[in-house]
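File shown: my_file_12.pdb (PDB, C-alpha atoms, pLDDT in the B column).
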ATOM      1  CA  ALA W   1       0.000   0.000   0.000  1.00 55.00           C
ATOM      2  CA  GLN W   2       1.221   3.468  -0.826  1.00 68.00           C
ATOM      3  CA  LYS W   3       2.136   5.574   2.139  1.00 92.00           C
ATOM      4  CA  VAL W   4       1.590   8.822   0.264  1.00 96.00           C
ATOM      5  CA  THR W   5      -1.124   8.994  -2.367  1.00 96.00           C
ATOM      6  CA  GLN W   6      -1.570  11.823  -4.784  1.00 97.00           C
ATOM      7  CA  ALA W   7      -4.567  10.660  -6.733  1.00 95.00           C
ATOM      8  CA  GLN W   8      -4.464  13.495  -9.265  1.00 97.00           C
ATOM      9  CA  THR W   9      -1.864  12.666 -11.863  1.00 96.00           C
ATOM     10  CA  GLU W  10      -2.386  15.772 -13.963  1.00 97.00           C
ATOM     11  CA  ILE W  11      -4.456  18.919 -13.558  1.00 97.00           C
ATOM     12  CA  SER W  12      -4.967  21.756 -16.013  1.00 97.00           C
ATOM     13  CA  VAL W  13      -6.433  25.084 -14.998  1.00 97.00           C
ATOM     14  CA  VAL W  14      -6.814  28.431 -16.645  1.00 97.00           C
ATOM     15  CA  GLU W  15      -4.777  31.246 -15.203  1.00 97.00           C
ATOM     16  CA  LYS W  16      -6.363  32.952 -12.174  1.00 97.00           C
ATOM     17  CA  GLU W  17      -8.384  29.883 -11.245  1.00 97.00           C
ATOM     18  CA  ASP W  18      -7.929  28.327  -7.829  1.00 97.00           C
ATOM     19  CA  VAL W  19      -6.654  24.759  -7.691  1.00 98.00           C
ATOM     20  CA  THR W  20      -6.328  22.209  -4.898  1.00 98.00           C
ATOM     21  CA  LEU W  21      -3.815  19.381  -4.966  1.00 98.00           C
ATOM     22  CA  ASP W  22      -4.747  16.400  -2.837  1.00 98.00           C
ATOM     23  CA  CYS W  23      -2.448  14.350  -0.629  1.00 98.00           C
ATOM     24  CA  VAL W  24      -3.467  11.405   1.535  1.00 98.00           C
ATOM     25  CA  TYR W  25      -0.923   9.668   3.721  1.00 97.00           C
ATOM     26  CA  GLU W  26      -0.710   6.535   5.808  1.00 95.00           C
ATOM     27  CA  THR W  27       1.299   6.088   8.982  1.00 92.00           C
ATOM     28  CA  ARG W  28       1.048   4.331  12.330  1.00 88.00           C
ATOM     29  CA  ASP W  29       3.310   6.846  14.027  1.00 88.00           C
ATOM     30  CA  THR W  30       1.931   9.613  16.210  1.00 88.00           C
ATOM     31  CA  THR W  31       4.844  11.908  15.406  1.00 90.00           C
ATOM     32  CA  TYR W  32       5.573  12.523  11.768  1.00 92.00           C
ATOM     33  CA  TYR W  33       6.234  15.315   9.313  1.00 93.00           C
ATOM     34  CA  LEU W  34       4.589  16.242   6.046  1.00 94.00           C
ATOM     35  CA  PHE W  35       6.084  18.226   3.210  1.00 95.00           C
ATOM     36  CA  TRP W  36       5.234  19.735  -0.134  1.00 97.00           C
ATOM     37  CA  TYR W  37       7.873  20.244  -2.799  1.00 97.00           C
ATOM     38  CA  LYS W  38       7.588  21.877  -6.212  1.00 97.00           C
ATOM     39  CA  GLN W  39       9.506  20.541  -9.208  1.00 95.00           C
ATOM     40  CA  PRO W  40       9.457  23.030 -12.085  1.00 94.00           C
ATOM     41  CA  PRO W  41      10.515  21.991 -15.586  1.00 90.00           C
ATOM     42  CA  SER W  42      14.127  22.738 -14.658  1.00 87.00           C
ATOM     43  CA  GLY W  43      13.998  19.650 -12.437  1.00 87.00           C
ATOM     44  CA  GLU W  44      15.187  20.953  -9.090  1.00 88.00           C
ATOM     45  CA  LEU W  45      12.930  20.245  -6.123  1.00 93.00           C
ATOM     46  CA  VAL W  46      11.932  23.382  -4.270  1.00 95.00           C
ATOM     47  CA  PHE W  47      10.822  23.107  -0.668  1.00 94.00           C
ATOM     48  CA  LEU W  48       7.440  24.712   0.010  1.00 95.00           C
ATOM     49  CA  ILE W  49       6.271  23.707   3.457  1.00 93.00           C
ATOM     50  CA  ARG W  50       6.829  21.342   6.372  1.00 92.00           C
ATOM     51  CA  ARG W  51       4.249  20.498   9.035  1.00 92.00           C
ATOM     52  CA  ASN W  52       4.538  18.277  12.072  1.00 91.00           C
ATOM     53  CA  SER W  53       1.756  15.976  13.157  1.00 92.00           C
ATOM     54  CA  PHE W  54       0.945  17.998  16.252  1.00 90.00           C
ATOM     55  CA  ASP W  55       0.228  21.181  14.392  1.00 87.00           C
ATOM     56  CA  GLU W  56      -3.062  21.044  12.529  1.00 83.00           C
ATOM     57  CA  GLN W  57      -3.333  24.755  12.077  1.00 83.00           C
ATOM     58  CA  ASN W  58      -3.871  25.674   8.466  1.00 84.00           C
ATOM     59  CA  GLU W  59      -1.177  27.785   6.934  1.00 85.00           C
ATOM     60  CA  ILE W  60      -1.266  30.506   4.320  1.00 87.00           C
ATOM     61  CA  SER W  61       1.708  31.912   2.486  1.00 88.00           C
ATOM     62  CA  GLY W  62       0.769  34.404  -0.171  1.00 93.00           C
ATOM     63  CA  ARG W  63      -1.280  32.570  -2.791  1.00 95.00           C
ATOM     64  CA  TYR W  64      -0.470  29.194  -1.223  1.00 95.00           C
ATOM     65  CA  SER W  65      -2.418  27.555   1.578  1.00 94.00           C
ATOM     66  CA  TRP W  66      -2.334  24.152   3.195  1.00 94.00           C
ATOM     67  CA  ASN W  67      -5.106  22.217   4.913  1.00 94.00           C
ATOM     68  CA  PHE W  68      -3.869  19.511   7.284  1.00 94.00           C
ATOM     69  CA  GLN W  69      -6.539  17.171   8.651  1.00 93.00           C
ATOM     70  CA  LYS W  70      -5.393  14.250  10.791  1.00 92.00           C
ATOM     71  CA  SER W  71      -8.914  12.836  10.936  1.00 92.00           C
ATOM     72  CA  THR W  72      -8.786  12.113   7.217  1.00 95.00           C
ATOM     73  CA  SER W  73      -4.974  11.742   6.946  1.00 95.00           C
ATOM     74  CA  SER W  74      -4.873  14.476   4.363  1.00 96.00           C
ATOM     75  CA  PHE W  75      -2.572  17.391   3.691  1.00 96.00           C
ATOM     76  CA  ASN W  76      -4.010  19.306   0.762  1.00 97.00           C
ATOM     77  CA  PHE W  77      -2.430  22.239  -1.013  1.00 96.00           C
ATOM     78  CA  THR W  78      -4.364  25.092  -2.593  1.00 96.00           C
ATOM     79  CA  ILE W  79      -3.044  27.681  -5.003  1.00 97.00           C
ATOM     80  CA  THR W  80      -5.249  30.742  -5.254  1.00 97.00           C
ATOM     81  CA  ALA W  81      -5.368  32.791  -8.443  1.00 97.00           C
ATOM     82  CA  SER W  82      -2.986  30.445 -10.253  1.00 97.00           C
ATOM     83  CA  GLN W  83      -0.279  31.811 -12.515  1.00 97.00           C
ATOM     84  CA  VAL W  84       1.640  30.296 -15.399  1.00 96.00           C
ATOM     85  CA  VAL W  85       4.752  30.187 -13.203  1.00 96.00           C
ATOM     86  CA  ASP W  86       2.921  27.742 -10.947  1.00 97.00           C
ATOM     87  CA  SER W  87       3.132  25.116 -13.680  1.00 97.00           C
ATOM     88  CA  ALA W  88       5.198  22.296 -12.203  1.00 97.00           C
ATOM     89  CA  VAL W  89       4.999  18.871 -10.653  1.00 96.00           C
ATOM     90  CA  TYR W  90       4.081  19.039  -6.984  1.00 97.00           C
ATOM     91  CA  PHE W  91       5.119  16.317  -4.575  1.00 97.00           C
ATOM     92  CA  CYS W  92       3.748  15.537  -1.156  1.00 97.00           C
ATOM     93  CA  ALA W  93       6.116  13.663   1.171  1.00 96.00           C
ATOM     94  CA  LEU W  94       6.058  11.995   4.581  1.00 94.00           C
ATOM     95  CA  SER W  95       8.821  11.603   7.146  1.00 92.00           C
ATOM     96  CA  GLU W  96       8.488   9.082   9.987  1.00 88.00           C
ATOM     97  CA  PRO W  97      11.643   9.682  11.995  1.00 84.00           C
ATOM     98  CA  TYR W  98      10.555   7.598  14.978  1.00 80.00           C
ATOM     99  CA  SER W  99       9.485   4.528  13.061  1.00 74.00           C
ATOM    100  CA  GLY W 100      12.423   2.574  14.404  1.00 66.00           C
ATOM    101  CA  ALA W 101      14.647   2.430  11.349  1.00 60.00           C
ATOM    102  CA  GLY W 102      16.687   5.392  12.535  1.00 59.00           C
ATOM    103  CA  SER W 103      16.528   7.110   9.192  1.00 67.00           C
ATOM    104  CA  TYR W 104      14.867  10.317   8.233  1.00 84.00           C
ATOM    105  CA  GLN W 105      14.138   9.522   4.630  1.00 89.00           C
ATOM    106  CA  LEU W 106      11.191  11.065   2.870  1.00 92.00           C
ATOM    107  CA  THR W 107       8.512   8.904   1.310  1.00 93.00           C
ATOM    108  CA  PHE W 108       7.133  10.690  -1.719  1.00 95.00           C
ATOM    109  CA  GLY W 109       3.872  10.509  -3.553  1.00 95.00           C
ATOM    110  CA  LYS W 110       4.006  10.132  -7.321  1.00 94.00           C
ATOM    111  CA  GLY W 111       3.342  13.807  -7.846  1.00 96.00           C
ATOM    112  CA  THR W 112       0.674  15.922  -9.498  1.00 97.00           C
ATOM    113  CA  LYS W 113       1.541  17.728 -12.690  1.00 97.00           C
ATOM    114  CA  LEU W 114      -0.108  21.128 -12.723  1.00 98.00           C
ATOM    115  CA  SER W 115      -0.437  23.037 -15.968  1.00 98.00           C
ATOM    116  CA  VAL W 116      -1.656  26.598 -15.780  1.00 97.00           C
ATOM    117  CA  ILE W 117      -2.895  27.794 -19.140  1.00 97.00           C
ATOM    118  CA  PRO W 118      -2.674  31.495 -19.921  1.00 95.00           C
TER     119      PRO W 118
ATOM    120  CA  GLY V   1      24.540  30.807   0.542  1.00 60.00           C
ATOM    121  CA  ALA V   2      25.268  28.049  -1.912  1.00 84.00           C
ATOM    122  CA  GLY V   3      22.766  25.265  -2.249  1.00 93.00           C
ATOM    123  CA  VAL V   4      23.328  21.594  -2.894  1.00 95.00           C
ATOM    124  CA  SER V   5      25.331  21.009  -6.040  1.00 96.00           C
ATOM    125  CA  GLN V   6      25.636  17.857  -8.097  1.00 97.00           C
ATOM    126  CA  SER V   7      27.843  16.786 -10.945  1.00 97.00           C
ATOM    127  CA  PRO V   8      27.687  15.906 -13.697  1.00 97.00           C
ATOM    128  CA  SER V   9      24.359  17.396 -14.743  1.00 96.00           C
ATOM    129  CA  ASN V  10      23.945  14.739 -17.381  1.00 97.00           C
ATOM    130  CA  LYS V  11      25.655  11.438 -17.944  1.00 98.00           C
ATOM    131  CA  VAL V  12      25.267   9.079 -20.855  1.00 98.00           C
ATOM    132  CA  THR V  13      26.927   5.708 -20.522  1.00 97.00           C
ATOM    133  CA  GLU V  14      26.904   2.313 -22.105  1.00 97.00           C
ATOM    134  CA  LYS V  15      25.389  -0.704 -20.444  1.00 97.00           C
ATOM    135  CA  GLY V  16      27.944  -2.462 -18.290  1.00 97.00           C
ATOM    136  CA  LYS V  17      30.069   0.588 -17.535  1.00 98.00           C
ATOM    137  CA  ASP V  18      30.522   2.037 -14.056  1.00 98.00           C
ATOM    138  CA  VAL V  19      29.435   5.586 -13.241  1.00 98.00           C
ATOM    139  CA  GLU V  20      30.189   7.911 -10.359  1.00 98.00           C
ATOM    140  CA  LEU V  21      27.892  10.734  -9.335  1.00 98.00           C
ATOM    141  CA  ARG V  22      28.928  13.513  -7.002  1.00 97.00           C
ATOM    142  CA  CYS V  23      27.050  15.596  -4.446  1.00 97.00           C
ATOM    143  CA  ASP V  24      28.233  18.677  -2.570  1.00 96.00           C
ATOM    144  CA  PRO V  25      25.883  19.364   0.341  1.00 95.00           C
ATOM    145  CA  ILE V  26      25.081  22.724   1.834  1.00 95.00           C
ATOM    146  CA  SER V  27      27.985  23.744   4.040  1.00 92.00           C
ATOM    147  CA  GLY V  28      27.457  22.648   7.623  1.00 90.00           C
ATOM    148  CA  HIS V  29      24.695  20.167   6.853  1.00 92.00           C
ATOM    149  CA  THR V  30      25.367  16.947   8.697  1.00 91.00           C
ATOM    150  CA  ALA V  31      22.799  14.791   6.925  1.00 93.00           C
ATOM    151  CA  LEU V  32      22.935  13.786   3.269  1.00 95.00           C
ATOM    152  CA  TYR V  33      20.486  11.716   1.241  1.00 96.00           C
ATOM    153  CA  TRP V  34      20.422  10.155  -2.208  1.00 97.00           C
ATOM    154  CA  TYR V  35      17.158   9.564  -4.051  1.00 97.00           C
ATOM    155  CA  ARG V  36      16.321   8.202  -7.484  1.00 97.00           C
ATOM    156  CA  GLN V  37      13.541   9.536  -9.697  1.00 95.00           C
ATOM    157  CA  ARG V  38      12.485   7.415 -12.621  1.00 93.00           C
ATOM    158  CA  LEU V  39      10.622   9.071 -15.463  1.00 88.00           C
ATOM    159  CA  GLY V  40       7.179  10.224 -14.356  1.00 81.00           C
ATOM    160  CA  GLN V  41       7.603   8.820 -10.870  1.00 83.00           C
ATOM    161  CA  GLY V  42       8.120  10.105  -7.370  1.00 85.00           C
ATOM    162  CA  LEU V  43      11.426   9.928  -5.616  1.00 93.00           C
ATOM    163  CA  GLU V  44      12.744   6.690  -4.168  1.00 95.00           C
ATOM    164  CA  PHE V  45      15.091   6.790  -1.190  1.00 94.00           C
ATOM    165  CA  LEU V  46      18.486   5.183  -1.733  1.00 96.00           C
ATOM    166  CA  ILE V  47      20.843   5.970   1.141  1.00 95.00           C
ATOM    167  CA  TYR V  48      21.258   8.319   4.114  1.00 93.00           C
ATOM    168  CA  PHE V  49      24.396   9.605   5.834  1.00 92.00           C
ATOM    169  CA  GLN V  50      24.448  11.340   9.203  1.00 90.00           C
ATOM    170  CA  GLY V  51      27.806  12.602  10.383  1.00 84.00           C
ATOM    171  CA  ASN V  52      30.138   9.722  11.138  1.00 84.00           C
ATOM    172  CA  SER V  53      27.363   7.235  11.889  1.00 85.00           C
ATOM    173  CA  ALA V  54      26.922   4.121   9.806  1.00 87.00           C
ATOM    174  CA  PRO V  55      24.841   4.996   6.731  1.00 90.00           C
ATOM    175  CA  ASP V  56      21.309   3.724   6.223  1.00 91.00           C
ATOM    176  CA  LYS V  57      21.620   1.721   3.010  1.00 92.00           C
ATOM    177  CA  SER V  58      18.154   0.213   3.151  1.00 91.00           C
ATOM    178  CA  GLY V  59      17.021   1.839  -0.097  1.00 92.00           C
ATOM    179  CA  LEU V  60      19.843   0.669  -2.356  1.00 95.00           C
ATOM    180  CA  PRO V  61      18.211  -1.512  -5.050  1.00 94.00           C
ATOM    181  CA  SER V  62      21.114  -3.891  -5.589  1.00 95.00           C
ATOM    182  CA  ASP V  63      24.723  -4.499  -4.653  1.00 96.00           C
ATOM    183  CA  ARG V  64      25.747  -2.685  -7.824  1.00 97.00           C
ATOM    184  CA  PHE V  65      24.915   0.533  -5.984  1.00 98.00           C
ATOM    185  CA  SER V  66      27.203   1.992  -3.348  1.00 97.00           C
ATOM    186  CA  ALA V  67      27.882   5.390  -1.852  1.00 96.00           C
ATOM    187  CA  GLU V  68      30.527   7.033   0.235  1.00 95.00           C
ATOM    188  CA  ARG V  69      30.779  10.161   2.281  1.00 94.00           C
ATOM    189  CA  THR V  70      33.726  11.367   4.274  1.00 84.00           C
ATOM    190  CA  GLY V  71      32.650  13.243   7.361  1.00 79.00           C
ATOM    191  CA  GLU V  72      30.234  16.013   6.487  1.00 80.00           C
ATOM    192  CA  SER V  73      31.574  16.695   3.036  1.00 89.00           C
ATOM    193  CA  VAL V  74      31.133  15.463  -0.485  1.00 95.00           C
ATOM    194  CA  SER V  75      29.377  12.213  -1.275  1.00 97.00           C
ATOM    195  CA  THR V  76      29.743   9.966  -4.305  1.00 97.00           C
ATOM    196  CA  LEU V  77      27.189   7.469  -5.529  1.00 98.00           C
ATOM    197  CA  THR V  78      28.668   4.685  -7.635  1.00 98.00           C
ATOM    198  CA  ILE V  79      26.709   2.394  -9.907  1.00 98.00           C
ATOM    199  CA  GLN V  80      28.672  -0.568 -11.192  1.00 98.00           C
ATOM    200  CA  ARG V  81      27.863  -2.496 -14.340  1.00 98.00           C
ATOM    201  CA  THR V  82      25.060  -0.135 -15.244  1.00 98.00           C
ATOM    202  CA  GLN V  83      21.823  -1.486 -16.661  1.00 97.00           C
ATOM    203  CA  GLN V  84      19.209   0.285 -18.742  1.00 96.00           C
ATOM    204  CA  GLU V  85      16.801   0.282 -15.806  1.00 95.00           C
ATOM    205  CA  ASP V  86      19.292   2.459 -13.929  1.00 97.00           C
ATOM    206  CA  SER V  87      18.376   5.338 -16.233  1.00 97.00           C
ATOM    207  CA  ALA V  88      16.863   7.982 -13.984  1.00 97.00           C
ATOM    208  CA  VAL V  89      17.538  11.301 -12.310  1.00 97.00           C
ATOM    209  CA  TYR V  90      19.624  10.896  -9.180  1.00 98.00           C
ATOM    210  CA  LEU V  91      18.912  13.582  -6.630  1.00 97.00           C
ATOM    211  CA  CYS V  92      20.934  14.487  -3.596  1.00 97.00           C
ATOM    212  CA  ALA V  93      19.589  16.343  -0.574  1.00 96.00           C
ATOM    213  CA  SER V  94      21.117  17.651   2.626  1.00 95.00           C
ATOM    214  CA  SER V  95      19.736  18.830   5.938  1.00 93.00           C
ATOM    215  CA  ASP V  96      21.013  20.333   9.151  1.00 91.00           C
ATOM    216  CA  GLY V  97      20.401  17.147  11.078  1.00 82.00           C
ATOM    217  CA  GLY V  98      18.083  14.245  10.487  1.00 75.00           C
ATOM    218  CA  LEU V  99      14.910  15.941  11.688  1.00 80.00           C
ATOM    219  CA  GLU V 100      15.397  19.057   9.633  1.00 85.00           C
ATOM    220  CA  THR V 101      14.069  19.955   6.205  1.00 91.00           C
ATOM    221  CA  GLN V 102      15.874  18.421   3.252  1.00 94.00           C
ATOM    222  CA  TYR V 103      17.078  20.711   0.483  1.00 95.00           C
ATOM    223  CA  PHE V 104      17.665  19.184  -2.903  1.00 95.00           C
ATOM    224  CA  GLY V 105      20.252  19.617  -5.592  1.00 95.00           C
ATOM    225  CA  PRO V 106      19.488  19.868  -9.321  1.00 94.00           C
ATOM    226  CA  GLY V 107      20.090  16.187  -9.908  1.00 96.00           C
ATOM    227  CA  THR V 108      22.150  14.124 -12.330  1.00 97.00           C
ATOM    228  CA  ARG V 109      20.302  12.731 -15.344  1.00 96.00           C
ATOM    229  CA  LEU V 110      21.715   9.311 -16.105  1.00 98.00           C
ATOM    230  CA  LEU V 111      20.987   7.583 -19.382  1.00 98.00           C
ATOM    231  CA  VAL V 112      22.230   4.051 -19.892  1.00 97.00           C
ATOM    232  CA  LEU V 113      22.247   2.974 -23.532  1.00 96.00           C
TER     233      LEU V 113
END
Take the structure in this file and express it as structure tokens.
Amino acid sequence: AQKVTQAQTEISVVEKEDVTLDCVYETRDTTYYLFWYKQPPSGELVFLIRRNSFDEQNEISGRYSWNFQKSTSSFNFTITASQVVDSAVYFCALSEPYSGAGSYQLTFGKGTKLSVIP
Amino acid sequence: GAGVSQSPSNKVTEKGKDVELRCDPISGHTALYWYRQRLGQGLEFLIYFQGNSAPDKSGLPSDRFSAERTGESVSTLTIQRTQQEDSAVYLCASSDGGLETQYFGPGTRLLVL
């Protein structure tokens, strides 16, 4: 079973539309971390946000906002008033540092490719 | 400050040859990770280094893969006897400790013919 599921493989929106990227995760740990990264066409992963499992407060950063709900194991990402520069692949990732393996690797979803059409 | 750097940016090799990929972490970052990204896929963890501790090699797909890191400096990922299925982007990340956010380099695109 996938630990991080991004069910939307590709999304296309017209510029200025709002778009939400879904992320559902699976873990047995009570302490874990969730991340979103952006991968533009250049290929380099850009860190967007990190949340720990004890902080369910929604966060807003400019046009970006994140909705973390432990009850549904979801960590969704919304872009408001999308722009062409938002076109990229977006990855959700999970870190379970206390799972016993002693490693802090990230488990990634398969990504959602967002295309913003002018 | 400088981010994570990787070299080469691109590498084309013939099946059966060995390749070496290099990663320079952010200065002062004690933790270093290697991931592999196959075309259209998410990232797969390969190996993790933390200071002078024994590395976590649990993600290495076969014994043809190995990696080294001396202290908190440069790391090299070596793939011996490359196969076509090794074609992927190899990404390196570093963090200021295991619990901290990982920052990624631009990756090395490996193509095995």
Item to check | At most 12 Å to chain V: residues in chain W, all atoms listed in the file, as JSON, numbers by chain | outcome: {"W": [2, 4, 5, 6, 9, 10, 31, 32, 33, 34, 35, 36, 37, 38, 39, 40, 41, 42, 43, 44, 45, 46, 47, 48, 49, 50, 51, 52, 89, 90, 91, 92, 93, 94, 95, 96, 97, 98, 101, 102, 103, 104, 105, 106, 107, 108, 109, 110, 111, 112, 113]}
Next on the checklist: Give me, as a ChimeraX atom specification, all polymer residues having an atom no more than 7 Å from Lys3 (chain W), counting all atoms listed in the file and skipping those fewer than 5 positions away in the same chain.
Outcome noted: /W:25-27
For the residues selected in the previous step, produce a file with C-alpha atoms as a PDB file, in the coordinates of the input.
ATOM      1  CA  TYR W  25      -0.923   9.668   3.721  1.00 97.00           C
ATOM      2  CA  GLU W  26      -0.710   6.535   5.808  1.00 95.00           C
ATOM      3  CA  THR W  27       1.299   6.088   8.982  1.00 92.00           C
TER       4      THR W  27
END
Next on the checklist: Can you tell me which residues surround region 67-72 of chain W at a distance of at most 9 Å, considering all atoms listed in the file, apart from same-chain residues fewer than 4 positions away, and format the answer as a list in words?
Outcome noted: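 The residues that qualify are Val24, Tyr25, Arg51, Ser53, Asp55, Glu56, Gln57, Asn58, Glu59, Asn76, Phe77 and Thr78 of chain W.
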Now that the selection is made, can you save its residues with C-alpha atoms as an mmCIF file, keeping the file's coordinate frame?
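Listing of out.cif after writing:
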data_model
loop_
_atom_site.group_PDB
_atom_site.id
_atom_site.type_symbol
_atom_site.label_atom_id
_atom_site.label_comp_id
_atom_site.auth_asym_id
_atom_site.auth_seq_id
_atom_site.Cartn_x
_atom_site.Cartn_y
_atom_site.Cartn_z
ATOM 1 C CA VAL W 24 -3.467 11.405 1.535
ATOM 2 C CA TYR W 25 -0.923 9.668 3.721
ATOM 3 C CA ARG W 51 4.249 20.498 9.035
ATOM 4 C CA SER W 53 1.756 15.976 13.157
ATOM 5 C CA ASP W 55 0.228 21.181 14.392
ATOM 6 C CA GLU W 56 -3.062 21.044 12.529
ATOM 7 C CA GLN W 57 -3.333 24.755 12.077
ATOM 8 C CA ASN W 58 -3.871 25.674 8.466
ATOM 9 C CA GLU W 59 -1.177 27.785 6.934
ATOM 10 C CA ASN W 76 -4.010 19.306 0.762
ATOM 11 C CA PHE W 77 -2.430 22.239 -1.013
ATOM 12 C CA THR W 78 -4.364 25.092 -2.593
#
When the PyMOL selection byres ((chain V and resi 20) around 12) is applied to the structure above, which residues does it catch, written out as a compact mmCIF listing (two decimals) with C-alpha atoms, keeping the file's coordinate frame?
# COMPACT_ATOMS: atom_id res chain seq x y z
CA GLN V 6 25.64 17.86 -8.10
CA SER V 7 27.84 16.79 -10.94
CA PRO V 8 27.69 15.91 -13.70
CA SER V 9 24.36 17.40 -14.74
CA ASN V 10 23.94 14.74 -17.38
CA LYS V 11 25.66 11.44 -17.94
CA VAL V 12 25.27 9.08 -20.86
CA THR V 13 26.93 5.71 -20.52
CA LYS V 17 30.07 0.59 -17.54
CA ASP V 18 30.52 2.04 -14.06
CA VAL V 19 29.44 5.59 -13.24
CA LEU V 21 27.89 10.73 -9.34
CA ARG V 22 28.93 13.51 -7.00
CA CYS V 23 27.05 15.60 -4.45
CA ARG V 64 25.75 -2.68 -7.82
CA PHE V 65 24.92 0.53 -5.98
CA SER V 66 27.20 1.99 -3.35
CA ALA V 67 27.88 5.39 -1.85
CA GLU V 68 30.53 7.03 0.24
CA SER V 75 29.38 12.21 -1.27
CA THR V 76 29.74 9.97 -4.30
CA LEU V 77 27.19 7.47 -5.53
CA THR V 78 28.67 4.68 -7.64
CA ILE V 79 26.71 2.39 -9.91
CA GLN V 80 28.67 -0.57 -11.19
CA ARG V 81 27.86 -2.50 -14.34
CA THR V 82 25.06 -0.14 -15.24
CA TYR V 90 19.62 10.90 -9.18
CA THR V 108 22.15 14.12 -12.33
CA LEU V 110 21.72 9.31 -16.10
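One distance worth recording is that between CA of Gly16 (chain V) and CA of Leu39 (chain V), which is 21.0 Å.
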Checklist entry - What separation in Å, quoted to one decimal, exists between CA of Trp66 (chain W) and CA of Val14 (chain W)? => result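 A separation of 20.8 Å between them.
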Next on the checklist: Since I can't run it myself right now, could you work out what the PyMOL selection byres ((chain V and resi 71) around 6) selects here and report it as number ranges by chain?
Outcome noted: V: 51-52, 70, 72-73
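Interatomic distance, CA of Val19 (chain W) to CA of Ala88 (chain W): 12.9 Å.
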Item to check | Which of W:Ser99, W:Gln8, W:Ser73, W:Ser87 sits closest to Thr20 (chain W) [using all atoms listed in the file] | outcome: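 Closest candidate: W:Gln8.
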